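K.L.:
Handing over input-v9.txt, compact mmCIF, C-alpha atoms and all ligand atoms.
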# COMPACT_ATOMS: atom_id res chain seq x y z
CA MET A 1 132.22 90.87 86.89
CA LYS A 2 128.97 92.12 88.45
CA ARG A 3 126.81 89.10 89.26
CA ILE A 4 123.15 89.12 88.21
CA TYR A 5 120.44 87.29 90.13
CA PHE A 6 117.42 85.92 88.23
CA ASP A 7 116.39 83.15 90.65
CA HIS A 8 113.91 84.88 92.96
CA SER A 9 111.61 81.86 93.21
CA ALA A 10 114.45 79.96 94.91
CA THR A 11 115.12 82.75 97.37
CA THR A 12 115.25 86.54 97.49
CA PRO A 13 118.01 88.83 98.78
CA ILE A 14 117.28 90.35 102.18
CA ASP A 15 115.88 93.86 101.89
CA PRO A 16 118.25 96.34 103.66
CA GLU A 17 115.37 97.56 105.86
CA VAL A 18 114.69 93.98 106.95
CA LEU A 19 118.35 93.46 107.79
CA ARG A 20 118.45 96.70 109.79
CA VAL A 21 115.58 95.68 112.09
CA MET A 22 116.91 92.15 112.44
CA LEU A 23 120.34 93.38 113.54
CA ALA A 24 118.77 95.40 116.33
CA TYR A 25 117.13 92.23 117.66
CA LEU A 26 120.26 90.13 117.26
CA LYS A 27 122.47 92.68 119.00
CA ASN A 28 120.36 94.44 121.61
CA ASP A 29 116.87 93.01 122.08
CA PHE A 30 118.11 89.42 122.13
CA GLY A 31 115.87 88.26 124.98
CA ASN A 32 113.72 85.14 125.01
CA ALA A 33 110.20 86.26 124.15
CA SER A 34 108.87 84.06 126.97
CA SER A 35 111.01 85.76 129.67
CA LEU A 36 109.25 88.15 132.03
CA HIS A 37 112.08 90.70 132.38
CA SER A 38 112.55 93.70 130.13
CA PHE A 39 114.81 91.84 127.65
CA GLY A 40 112.02 89.29 127.20
CA GLN A 41 109.35 91.96 126.97
CA ALA A 42 111.25 93.80 124.22
CA ALA A 43 111.54 90.55 122.25
CA ARG A 44 107.86 89.76 122.83
CA ALA A 45 106.86 93.23 121.60
CA GLY A 46 108.82 92.63 118.37
CA VAL A 47 107.14 89.26 117.83
CA GLU A 48 103.65 90.64 118.46
CA ALA A 49 104.20 93.66 116.19
CA ALA A 50 105.25 91.24 113.41
CA ARG A 51 102.14 89.14 114.05
CA GLU A 52 99.94 92.26 113.65
CA GLU A 53 101.68 93.13 110.37
CA VAL A 54 101.14 89.63 108.94
CA ALA A 55 97.50 89.69 110.10
CA LYS A 56 97.05 93.00 108.26
CA PHE A 57 98.47 91.45 105.08
CA LEU A 58 96.18 88.43 105.29
CA SER A 59 93.26 90.43 106.68
CA CYS A 60 92.78 88.13 109.65
CA ASP A 61 93.04 88.18 113.43
CA PRO A 62 96.62 88.21 114.82
CA LYS A 63 95.61 85.21 116.96
CA GLU A 64 95.30 83.22 113.74
CA ILE A 65 99.02 83.58 112.89
CA ILE A 66 101.44 80.82 113.98
CA PHE A 67 105.17 81.47 113.47
CA THR A 68 107.15 78.49 112.18
CA SER A 69 110.62 77.72 110.83
CA GLY A 70 109.46 78.19 107.23
CA ALA A 71 106.84 77.08 104.77
CA THR A 72 107.98 73.44 104.80
CA GLU A 73 107.06 73.30 108.47
CA SER A 74 103.86 75.31 107.92
CA ASN A 75 102.71 72.86 105.25
CA ASN A 76 103.60 69.87 107.44
CA LEU A 77 101.74 71.39 110.38
CA ALA A 78 98.66 72.23 108.30
CA ILE A 79 98.37 68.86 106.59
CA LEU A 80 99.75 66.35 109.11
CA GLY A 81 98.32 68.25 112.08
CA PHE A 82 94.87 68.44 110.54
CA VAL A 83 94.66 64.86 109.25
CA ARG A 84 96.08 63.32 112.43
CA ARG A 85 93.51 65.19 114.51
CA ALA A 86 90.74 63.93 112.20
CA ARG A 87 92.08 60.38 112.49
CA ALA A 88 92.35 60.56 116.29
CA LEU A 89 88.63 61.29 116.58
CA ASP A 90 87.85 57.93 115.01
CA PRO A 91 90.84 55.70 114.20
CA LYS A 92 88.76 53.42 111.94
CA ARG A 93 87.22 56.10 109.75
CA LYS A 94 87.99 56.55 106.06
CA ILE A 95 89.86 59.77 105.35
CA HIS A 96 90.11 61.27 101.88
CA VAL A 97 92.20 64.31 100.96
CA ILE A 98 92.70 66.17 97.70
CA THR A 99 95.81 67.88 96.37
CA SER A 100 97.28 68.63 92.95
CA ALA A 101 99.88 66.81 90.86
CA ILE A 102 102.11 69.91 90.77
CA GLU A 103 102.61 70.75 94.46
CA HIS A 104 106.00 71.65 95.90
CA PRO A 105 107.71 68.71 97.68
CA ALA A 106 106.88 70.45 100.98
CA VAL A 107 103.27 69.41 100.31
CA PHE A 108 103.74 66.48 97.97
CA GLU A 109 105.96 64.53 100.36
CA VAL A 110 103.62 65.13 103.30
CA PHE A 111 100.80 63.46 101.40
CA ARG A 112 103.13 60.63 100.41
CA GLU A 113 103.77 60.11 104.13
CA LEU A 114 100.05 60.18 104.91
CA LYS A 115 99.39 57.45 102.35
CA LYS A 116 101.40 55.16 104.64
CA GLU A 117 98.83 56.00 107.34
CA GLU A 118 95.95 54.69 105.21
CA VAL A 119 94.82 58.12 104.09
CA GLU A 120 93.40 58.16 100.57
CA VAL A 121 94.98 60.89 98.48
CA THR A 122 93.67 62.21 95.15
CA TYR A 123 96.20 64.08 93.00
CA LEU A 124 94.30 66.37 90.65
CA PRO A 125 95.65 66.58 87.12
CA VAL A 126 96.41 69.94 85.50
CA THR A 127 95.80 71.40 82.06
CA LYS A 128 98.57 71.69 79.46
CA SER A 129 99.26 75.15 80.81
CA GLY A 130 99.55 73.89 84.38
CA LEU A 131 96.20 74.88 85.87
CA VAL A 132 93.95 72.89 88.21
CA ARG A 133 90.33 72.76 87.01
CA VAL A 134 87.71 73.73 89.60
CA GLY A 135 85.37 71.14 88.03
CA ASP A 136 87.91 68.41 88.88
CA VAL A 137 87.89 69.46 92.53
CA LYS A 138 84.08 69.28 92.51
CA LYS A 139 84.02 65.83 90.87
CA THR A 140 86.57 64.44 93.32
CA ILE A 141 84.98 65.54 96.59
CA ARG A 142 83.24 62.68 98.44
CA PRO A 143 81.58 62.33 101.86
CA GLU A 144 84.92 61.21 103.41
CA THR A 145 86.83 64.23 102.04
CA VAL A 146 88.16 66.32 104.93
CA LEU A 147 90.93 68.41 103.38
CA VAL A 148 91.81 70.09 100.09
CA SER A 149 95.35 71.50 99.68
CA ILE A 150 96.18 73.33 96.46
CA MET A 151 99.11 75.71 95.97
CA TYR A 152 98.31 79.34 95.09
CA VAL A 153 101.22 79.81 92.64
CA ASN A 154 103.42 77.08 91.23
CA ASN A 155 107.12 77.52 91.97
CA GLU A 156 108.38 76.17 88.62
CA ILE A 157 106.03 77.65 86.05
CA GLY A 158 104.45 80.52 88.00
CA THR A 159 100.83 79.64 87.20
CA ILE A 160 98.22 81.20 89.48
CA GLN A 161 95.69 78.57 90.55
CA PRO A 162 91.97 79.37 90.92
CA ILE A 163 92.12 79.39 94.73
CA ARG A 164 89.24 81.82 95.19
CA GLU A 165 86.95 79.73 92.96
CA ILE A 166 87.92 76.53 94.79
CA GLY A 167 87.27 78.32 98.10
CA GLU A 168 83.79 79.31 96.91
CA LEU A 169 83.07 75.75 95.78
CA ILE A 170 84.12 74.32 99.15
CA LYS A 171 82.02 76.90 100.98
CA LYS A 172 78.95 75.85 98.97
CA ILE A 173 79.57 72.15 99.55
CA ASN A 174 80.10 72.78 103.26
CA ALA A 175 76.81 74.69 103.47
CA SER A 176 75.01 71.65 102.03
CA ARG A 177 76.75 69.25 104.43
CA GLY A 178 74.62 70.27 107.42
CA LYS A 179 75.97 68.68 110.58
CA GLN A 180 78.49 66.53 108.71
CA GLU A 181 82.15 67.44 109.16
CA LYS A 182 83.29 70.37 107.01
CA ILE A 183 85.94 70.20 104.33
CA HIS A 184 88.93 72.40 105.23
CA PHE A 185 90.99 74.22 102.63
CA HIS A 186 94.74 74.85 102.78
CA THR A 187 96.89 76.75 100.30
CA ASP A 188 100.66 77.00 100.02
CA ALA A 189 100.92 80.70 99.13
CA VAL A 190 104.73 80.93 99.26
CA GLN A 191 105.20 81.99 95.63
CA ALA A 192 102.09 84.19 95.60
CA ALA A 193 102.88 86.63 98.40
CA ASN A 194 104.86 89.15 96.32
CA PHE A 195 102.23 89.38 93.60
CA CYS A 196 98.75 88.15 94.56
CA ASP A 197 95.92 89.05 96.90
CA CYS A 198 96.44 86.84 99.95
CA ARG A 199 93.49 87.98 102.08
CA VAL A 200 92.20 84.76 103.57
CA ASP A 201 88.48 85.58 103.46
CA PHE A 202 88.79 86.72 99.85
CA LEU A 203 90.37 83.34 99.06
CA GLY A 204 88.10 81.31 101.34
CA VAL A 205 90.94 79.35 102.91
CA ASP A 206 91.22 77.91 106.44
CA MET A 207 95.00 77.52 106.38
CA LEU A 208 97.69 79.34 104.40
CA SER A 209 101.49 78.98 104.42
CA LEU A 210 104.07 81.72 103.80
CA SER A 211 107.86 81.84 103.89
CA ALA A 212 109.97 84.90 104.77
CA HIS A 213 112.88 84.19 102.43
CA LYS A 214 110.70 84.44 99.33
CA ILE A 215 109.63 88.00 100.22
CA TYR A 216 113.04 89.61 100.86
CA GLY A 217 113.11 88.35 104.45
CA PRO A 218 115.39 85.85 106.23
CA LYS A 219 115.58 82.09 105.72
CA GLY A 220 114.25 79.82 108.45
CA THR A 221 111.08 81.76 109.26
CA GLY A 222 107.53 81.31 108.05
CA ILE A 223 103.93 81.41 109.13
CA LEU A 224 100.83 79.31 109.08
CA PHE A 225 97.53 81.13 109.06
CA LEU A 226 95.16 78.91 111.03
CA ARG A 227 91.56 80.05 110.95
CA GLU A 228 90.02 80.24 114.44
CA GLY A 229 88.37 76.92 115.25
CA THR A 230 90.28 74.83 112.68
CA PRO A 231 90.87 71.50 114.42
CA ILE A 232 94.56 70.63 114.42
CA TYR A 233 97.15 68.72 116.43
CA PRO A 234 100.67 70.09 116.92
CA ILE A 235 103.46 68.19 115.22
CA ILE A 236 106.22 69.64 117.44
CA PHE A 237 105.91 69.29 121.22
CA GLY A 238 107.71 71.23 123.93
CA GLY A 239 107.37 74.52 125.76
CA HIS A 240 103.87 75.45 124.49
CA GLN A 241 104.91 78.57 122.55
CA GLU A 242 102.55 79.83 119.82
CA ARG A 243 99.48 78.82 121.87
CA GLY A 244 100.79 75.27 122.17
CA ILE A 245 100.43 74.73 118.42
CA ARG A 246 104.13 75.22 117.66
CA SER A 247 106.52 74.73 120.55
CA GLY A 248 110.08 76.06 120.44
CA THR A 249 111.74 79.33 121.46
CA GLU A 250 110.66 81.96 118.97
CA ASN A 251 113.24 83.00 116.34
CA VAL A 252 112.76 86.62 117.36
CA ALA A 253 115.11 88.28 114.85
CA GLY A 254 113.70 86.08 112.07
CA ILE A 255 110.12 86.85 113.03
CA VAL A 256 110.83 90.59 113.26
CA GLY A 257 112.51 90.38 109.83
CA LEU A 258 109.46 88.58 108.45
CA GLY A 259 107.26 91.31 109.95
CA LYS A 260 109.31 94.00 108.22
CA ALA A 261 109.22 92.14 104.89
CA VAL A 262 105.43 91.90 105.16
CA GLU A 263 105.23 95.58 106.16
CA LEU A 264 106.95 96.36 102.83
CA LEU A 265 104.38 94.18 101.04
CA ASN A 266 101.61 96.09 102.80
CA GLN A 267 102.76 99.23 100.94
CA LYS A 268 100.39 98.35 98.13
CA ALA A 269 101.04 101.25 95.71
CA LYS A 270 104.81 100.70 95.82
CA VAL A 271 104.45 96.95 95.35
CA LYS A 272 102.09 97.51 92.41
CA SER A 273 104.59 99.72 90.59
CA GLN A 274 107.47 97.28 91.36
CA ASN A 275 105.40 94.46 89.89
CA LEU A 276 104.59 96.47 86.75
CA LYS A 277 108.31 97.03 86.25
CA ILE A 278 109.01 93.31 86.78
CA LYS A 279 106.27 92.34 84.30
CA LYS A 280 107.65 94.67 81.65
CA LEU A 281 111.12 93.12 81.95
CA ARG A 282 109.70 89.58 82.02
CA ASP A 283 107.51 90.19 78.94
CA LYS A 284 110.52 91.52 77.05
CA LEU A 285 112.52 88.43 78.03
CA MET A 286 109.79 86.04 76.88
CA ARG A 287 109.34 87.89 73.58
CA GLU A 288 113.04 88.04 72.78
CA ILE A 289 113.82 84.45 73.75
CA LEU A 290 110.95 83.03 71.71
CA LYS A 291 111.97 85.23 68.76
CA LYS A 292 115.72 84.64 68.86
CA ILE A 293 116.00 80.97 69.90
CA PRO A 294 114.56 78.30 67.62
CA ASP A 295 112.69 75.39 69.26
CA ALA A 296 112.07 77.31 72.47
CA ILE A 297 108.75 76.50 74.09
CA PHE A 298 107.40 78.59 76.88
CA SER A 299 105.81 76.66 79.74
CA GLY A 300 102.86 77.60 81.92
CA ASP A 301 99.92 79.84 81.22
CA PRO A 302 100.39 83.04 79.19
CA GLU A 303 97.91 85.03 81.32
CA LYS A 304 97.43 83.33 84.68
CA ARG A 305 101.03 83.61 85.84
CA ILE A 306 102.89 85.84 88.27
CA PRO A 307 104.80 88.76 86.68
CA GLY A 308 108.19 87.51 87.88
CA ASN A 309 108.22 84.09 86.24
CA ALA A 310 109.47 83.21 82.76
CA SER A 311 109.88 79.49 82.12
CA PHE A 312 110.89 77.68 78.99
CA CYS A 313 111.88 74.33 77.57
CA PHE A 314 114.62 74.26 74.95
CA LYS A 315 114.70 71.21 72.72
CA ASN A 316 117.97 69.27 72.30
CA VAL A 317 119.79 70.91 75.18
CA GLU A 318 120.05 70.28 78.93
CA GLY A 319 118.67 72.93 81.28
CA GLU A 320 121.59 72.25 83.64
CA SER A 321 124.11 73.02 80.91
CA ILE A 322 122.46 76.37 80.13
CA LEU A 323 122.40 77.14 83.86
CA LEU A 324 126.12 76.41 84.24
CA MET A 325 127.12 78.42 81.16
CA LEU A 326 125.03 81.38 82.33
CA ASP A 327 126.64 81.05 85.77
CA MET A 328 130.06 81.39 84.10
CA GLU A 329 128.77 84.71 82.75
CA GLY A 330 127.77 85.67 86.31
CA ILE A 331 124.04 85.17 85.73
CA ALA A 332 121.97 82.98 88.09
CA VAL A 333 118.84 81.17 86.85
CA SER A 334 117.46 77.72 87.64
CA THR A 335 116.18 74.59 86.06
CA GLY A 336 112.99 73.11 87.49
CA SER A 337 112.68 73.78 91.20
CA ALA A 338 115.79 74.87 93.07
CA CYS A 339 114.79 72.56 95.90
CA SER A 340 114.85 69.50 93.61
CA SER A 341 117.63 70.41 91.23
CA GLY A 342 119.86 67.84 92.96
CA SER A 343 117.81 65.24 91.12
CA LEU A 344 118.06 64.31 87.46
CA GLU A 345 114.46 63.05 87.40
CA PRO A 346 112.25 65.02 85.02
CA SER A 347 110.22 67.67 86.79
CA HIS A 348 106.93 66.22 88.12
CA VAL A 349 105.29 69.56 87.31
CA LEU A 350 106.25 69.50 83.63
CA SER A 351 105.36 65.78 83.41
CA ALA A 352 101.89 66.52 84.84
CA MET A 353 101.46 69.11 82.06
CA GLY A 354 102.14 66.41 79.48
CA ILE A 355 105.66 67.59 78.59
CA SER A 356 107.87 64.62 77.66
CA PRO A 357 111.05 63.96 79.73
CA ILE A 358 113.26 64.63 76.71
CA VAL A 359 111.81 68.13 76.36
CA SER A 360 111.57 68.87 80.09
CA HIS A 361 115.29 68.14 80.55
CA GLY A 362 115.77 71.39 78.66
CA SER A 363 113.69 73.37 81.15
CA LEU A 364 114.86 76.70 82.42
CA ARG A 365 113.29 79.11 84.90
CA VAL A 366 114.15 82.79 85.03
CA THR A 367 112.51 84.54 87.98
CA LEU A 368 112.75 88.28 88.39
CA GLY A 369 112.64 90.42 91.51
CA LYS A 370 112.18 94.02 92.53
CA ASN A 371 115.85 94.96 92.13
CA ASN A 372 116.39 93.66 88.58
CA THR A 373 117.13 96.32 85.96
CA GLU A 374 116.84 96.86 82.20
CA GLU A 375 120.63 96.70 82.00
CA GLU A 376 120.66 93.24 83.63
CA MET A 377 118.00 92.00 81.23
CA ARG A 378 120.02 93.31 78.27
CA ARG A 379 123.06 91.36 79.48
CA LEU A 380 121.05 88.16 79.83
CA LEU A 381 119.55 88.58 76.35
CA LYS A 382 122.97 89.28 74.87
CA VAL A 383 124.53 85.99 76.00
CA PHE A 384 121.53 83.63 76.15
CA PRO A 385 120.91 82.78 72.45
CA GLY A 386 124.63 82.12 71.80
CA ILE A 387 124.84 79.74 74.78
CA VAL A 388 121.89 77.66 73.56
CA GLU A 389 123.31 77.59 70.04
CA ARG A 390 126.76 76.45 71.23
CA LEU A 391 125.28 73.75 73.46
CA ARG A 392 123.07 72.45 70.69
CA LYS A 393 126.04 72.13 68.39
CA MET A 394 127.78 69.99 71.03
CA SER A 395 124.67 67.94 71.92
CA PRO A 396 124.50 64.33 70.70
CA ILE A 397 120.66 64.45 70.85
CA LYS A 398 119.07 65.71 67.65
CA ASN A 399 115.31 65.49 67.19
C1 LIG B 1 105.76 76.66 96.71
C2 LIG B 1 106.73 76.44 97.82
N1 LIG B 1 106.31 75.88 98.96
C3 LIG B 1 107.14 75.66 99.99
C4 LIG B 1 108.47 75.97 99.91
C5 LIG B 1 109.37 75.70 101.09
O1 LIG B 1 109.55 76.86 101.83
P1 LIG B 1 110.71 76.99 102.95
O2 LIG B 1 111.98 77.12 102.18
O3 LIG B 1 110.35 78.21 103.72
O4 LIG B 1 110.64 75.76 103.79
C6 LIG B 1 108.97 76.54 98.73
C7 LIG B 1 110.42 76.84 98.58
O5 LIG B 1 110.99 76.74 97.49
C8 LIG B 1 108.08 76.79 97.67
O6 LIG B 1 108.50 77.34 96.52
What's the structure tokens form of this structure?
P.N.:
Amino acid sequence: MKRIYFDHSATTPIDPEVLRVMLAYLKNDFGNASSLHSFGQAARAGVEAAREEVAKFLSCDPKEIIFTSGATESNNLAILGFVRRARALDPKRKIHVITSAIEHPAVFEVFRELKKEEVEVTYLPVTKSGLVRVGDVKKTIRPETVLVSIMYVNNEIGTIQPIREIGELIKKINASRGKQEKIHFHTDAVQAANFCDCRVDFLGVDMLSLSAHKIYGPKGTGILFLREGTPIYPIIFGGHQERGIRSGTENVAGIVGLGKAVELLNQKAKVKSQNLKIKKLRDKLMREILKKIPDAIFSGDPEKRIPGNASFCFKNVEGESILLMLDMEGIAVSTGSACSSGSLEPSHVLSAMGISPIVSHGSLRVTLGKNNTEEEMRRLLKVFPGIVERLRKMSPIKN
């Protein structure tokens, strides 16, 4: 049976071109990028070429790119590093930060940690369709606010947040602050990179996190864009790599793979046509599922969502059960976030949107990528309605 992958928000397959360049660095140019000999220089050249490619994608200076072990680390560095620096300047000061109720755990848990350090955290609510309101950001900002961190695209429901509008608001407020400390703005853009404009000046962000494995690159590599002059402390100490902001021997093959993945994203016309194809398949899926399966609710915003994401809640059936039955048919999807699917707690994202636990237990996320085909979609649509029907017949819950 040919397996079908519809879980691209969890991770993407490595693009063959990415693998090809990585193998060259694993086999031949394996030097330590800090070594002065030719092996080291070859590795350094690969790292710096990748940095240039990422800078081109974000439209920033290569000096503003810090390589990390992935977006979890990038988010930790951005948030912990920034707040701890602010605290060190005056240990007694009040510090207020703003985030949203629907962040990925790689942001959410960092703020939970900071609450233990007497940092006041505001979690902005979202609309029924999972969007942060710019007006709520405005209302929540106070003189002690130093940081706003809002994700660009939600990993469960695919909603695109109004990052540019929030960036403009923060810029205006900063202009009126005079000599007072500026508010800094971070966005977790992991799920946005394949589909949205990530130029940092366009968005008005000071920090932005990306992960290679969500863009057809390798796992264990990411970046933090850190705008020149953004005050931050490192959170990892050691050999002073990455300008002392992120110590640790560079993962050269990973970084080169990330560079190649971003180079593919920089081919704008090709990416645009891939995304149109993805959207067409996704729209067909949404239409057919809502038509063929009774009591199917689609979650998220109908317009402000990335083309690859289709998410639903099915009443009177467990998302996990649908996932397992589809897996037996060789089709991979997910329920809630892949990173938290070990937990049986209802999704905090769906709860924040006002969806009751009983309904959100039937949540299912289908996320498409550039290699998915019409034929694969036909196979999914052929088996899906029957699976939900069979499970509902077996389910003891009837509402
Ligand atoms: C929105 C978002 N942020 C952060 C992460 C974590 O990224 P990484 O796996 O590179 O640590 C993920 C991964 O699922 C994600 O979806």
K.L.:
For the atom pair CA of Leu326 in chain A and CA of Ala296 in chain A, what is the interatomic distance in Å to one decimal place?
P.N.:
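Pair CA of Leu326 in chain A / CA of Ala296 in chain A returns 16.8 Å.
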K.L.:
Around ligand LIG 1 (chain B), which protein and nucleic acid residues have at least one atom no more than 10 Å from it, if we count all atoms listed in the file? List them as a compact mmCIF listing (two decimals) with C-alpha atoms, keeping the file's coordinate frame.
P.N.:
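Generated output (part.txt):
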# COMPACT_ATOMS: atom_id res chain seq x y z
CA HIS A 8 113.91 84.88 92.96
CA SER A 9 111.61 81.86 93.21
CA ALA A 10 114.45 79.96 94.91
CA THR A 11 115.12 82.75 97.37
CA THR A 68 107.15 78.49 112.18
CA SER A 69 110.62 77.72 110.83
CA GLY A 70 109.46 78.19 107.23
CA ALA A 71 106.84 77.08 104.77
CA THR A 72 107.98 73.44 104.80
CA GLU A 73 107.06 73.30 108.47
CA SER A 74 103.86 75.31 107.92
CA ASN A 75 102.71 72.86 105.25
CA ASN A 76 103.60 69.87 107.44
CA ILE A 102 102.11 69.91 90.77
CA GLU A 103 102.61 70.75 94.46
CA HIS A 104 106.00 71.65 95.90
CA PRO A 105 107.71 68.71 97.68
CA ALA A 106 106.88 70.45 100.98
CA VAL A 107 103.27 69.41 100.31
CA PHE A 108 103.74 66.48 97.97
CA MET A 151 99.11 75.71 95.97
CA TYR A 152 98.31 79.34 95.09
CA VAL A 153 101.22 79.81 92.64
CA ASN A 154 103.42 77.08 91.23
CA ASN A 155 107.12 77.52 91.97
CA GLU A 156 108.38 76.17 88.62
CA GLY A 158 104.45 80.52 88.00
CA THR A 187 96.89 76.75 100.30
CA ASP A 188 100.66 77.00 100.02
CA ALA A 189 100.92 80.70 99.13
CA VAL A 190 104.73 80.93 99.26
CA GLN A 191 105.20 81.99 95.63
CA ALA A 192 102.09 84.19 95.60
CA SER A 209 101.49 78.98 104.42
CA LEU A 210 104.07 81.72 103.80
CA SER A 211 107.86 81.84 103.89
CA ALA A 212 109.97 84.90 104.77
CA HIS A 213 112.88 84.19 102.43
CA LYS A 214 110.70 84.44 99.33
CA PRO A 218 115.39 85.85 106.23
CA LYS A 219 115.58 82.09 105.72
CA GLY A 220 114.25 79.82 108.45
CA THR A 221 111.08 81.76 109.26
CA GLY A 222 107.53 81.31 108.05
CA ILE A 223 103.93 81.41 109.13
CA SER A 337 112.68 73.78 91.20
CA ALA A 338 115.79 74.87 93.07
CA CYS A 339 114.79 72.56 95.90
CA SER A 340 114.85 69.50 93.61
K.L.:
Quick one: of A:Ala101, A:Ile170, A:Cys198, A:Val148, who's nearest to Val126 in chain A, counting only C-alpha atoms?
P.N.:
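Looking only at the distances to Val126 in chain A, the closest residue turns out to be A:Ala101.
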K.L.:
Would you mind reading off the distance between CA of Glu376 in chain A and CA of Ile4 in chain A, one decimal, in Å?
P.N.:
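CA of Ile4 in chain A lies 6.6 Å from CA of Glu376 in chain A.
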K.L.:
Counting all atoms listed in the file, find the residues whose atoms lie at most 9 Å from (89.2, 66.6, 92.3) (file coordinates) and write them out as a ChimeraX atom specification.
P.N.:
/A:98-100,122-125,132-141,148
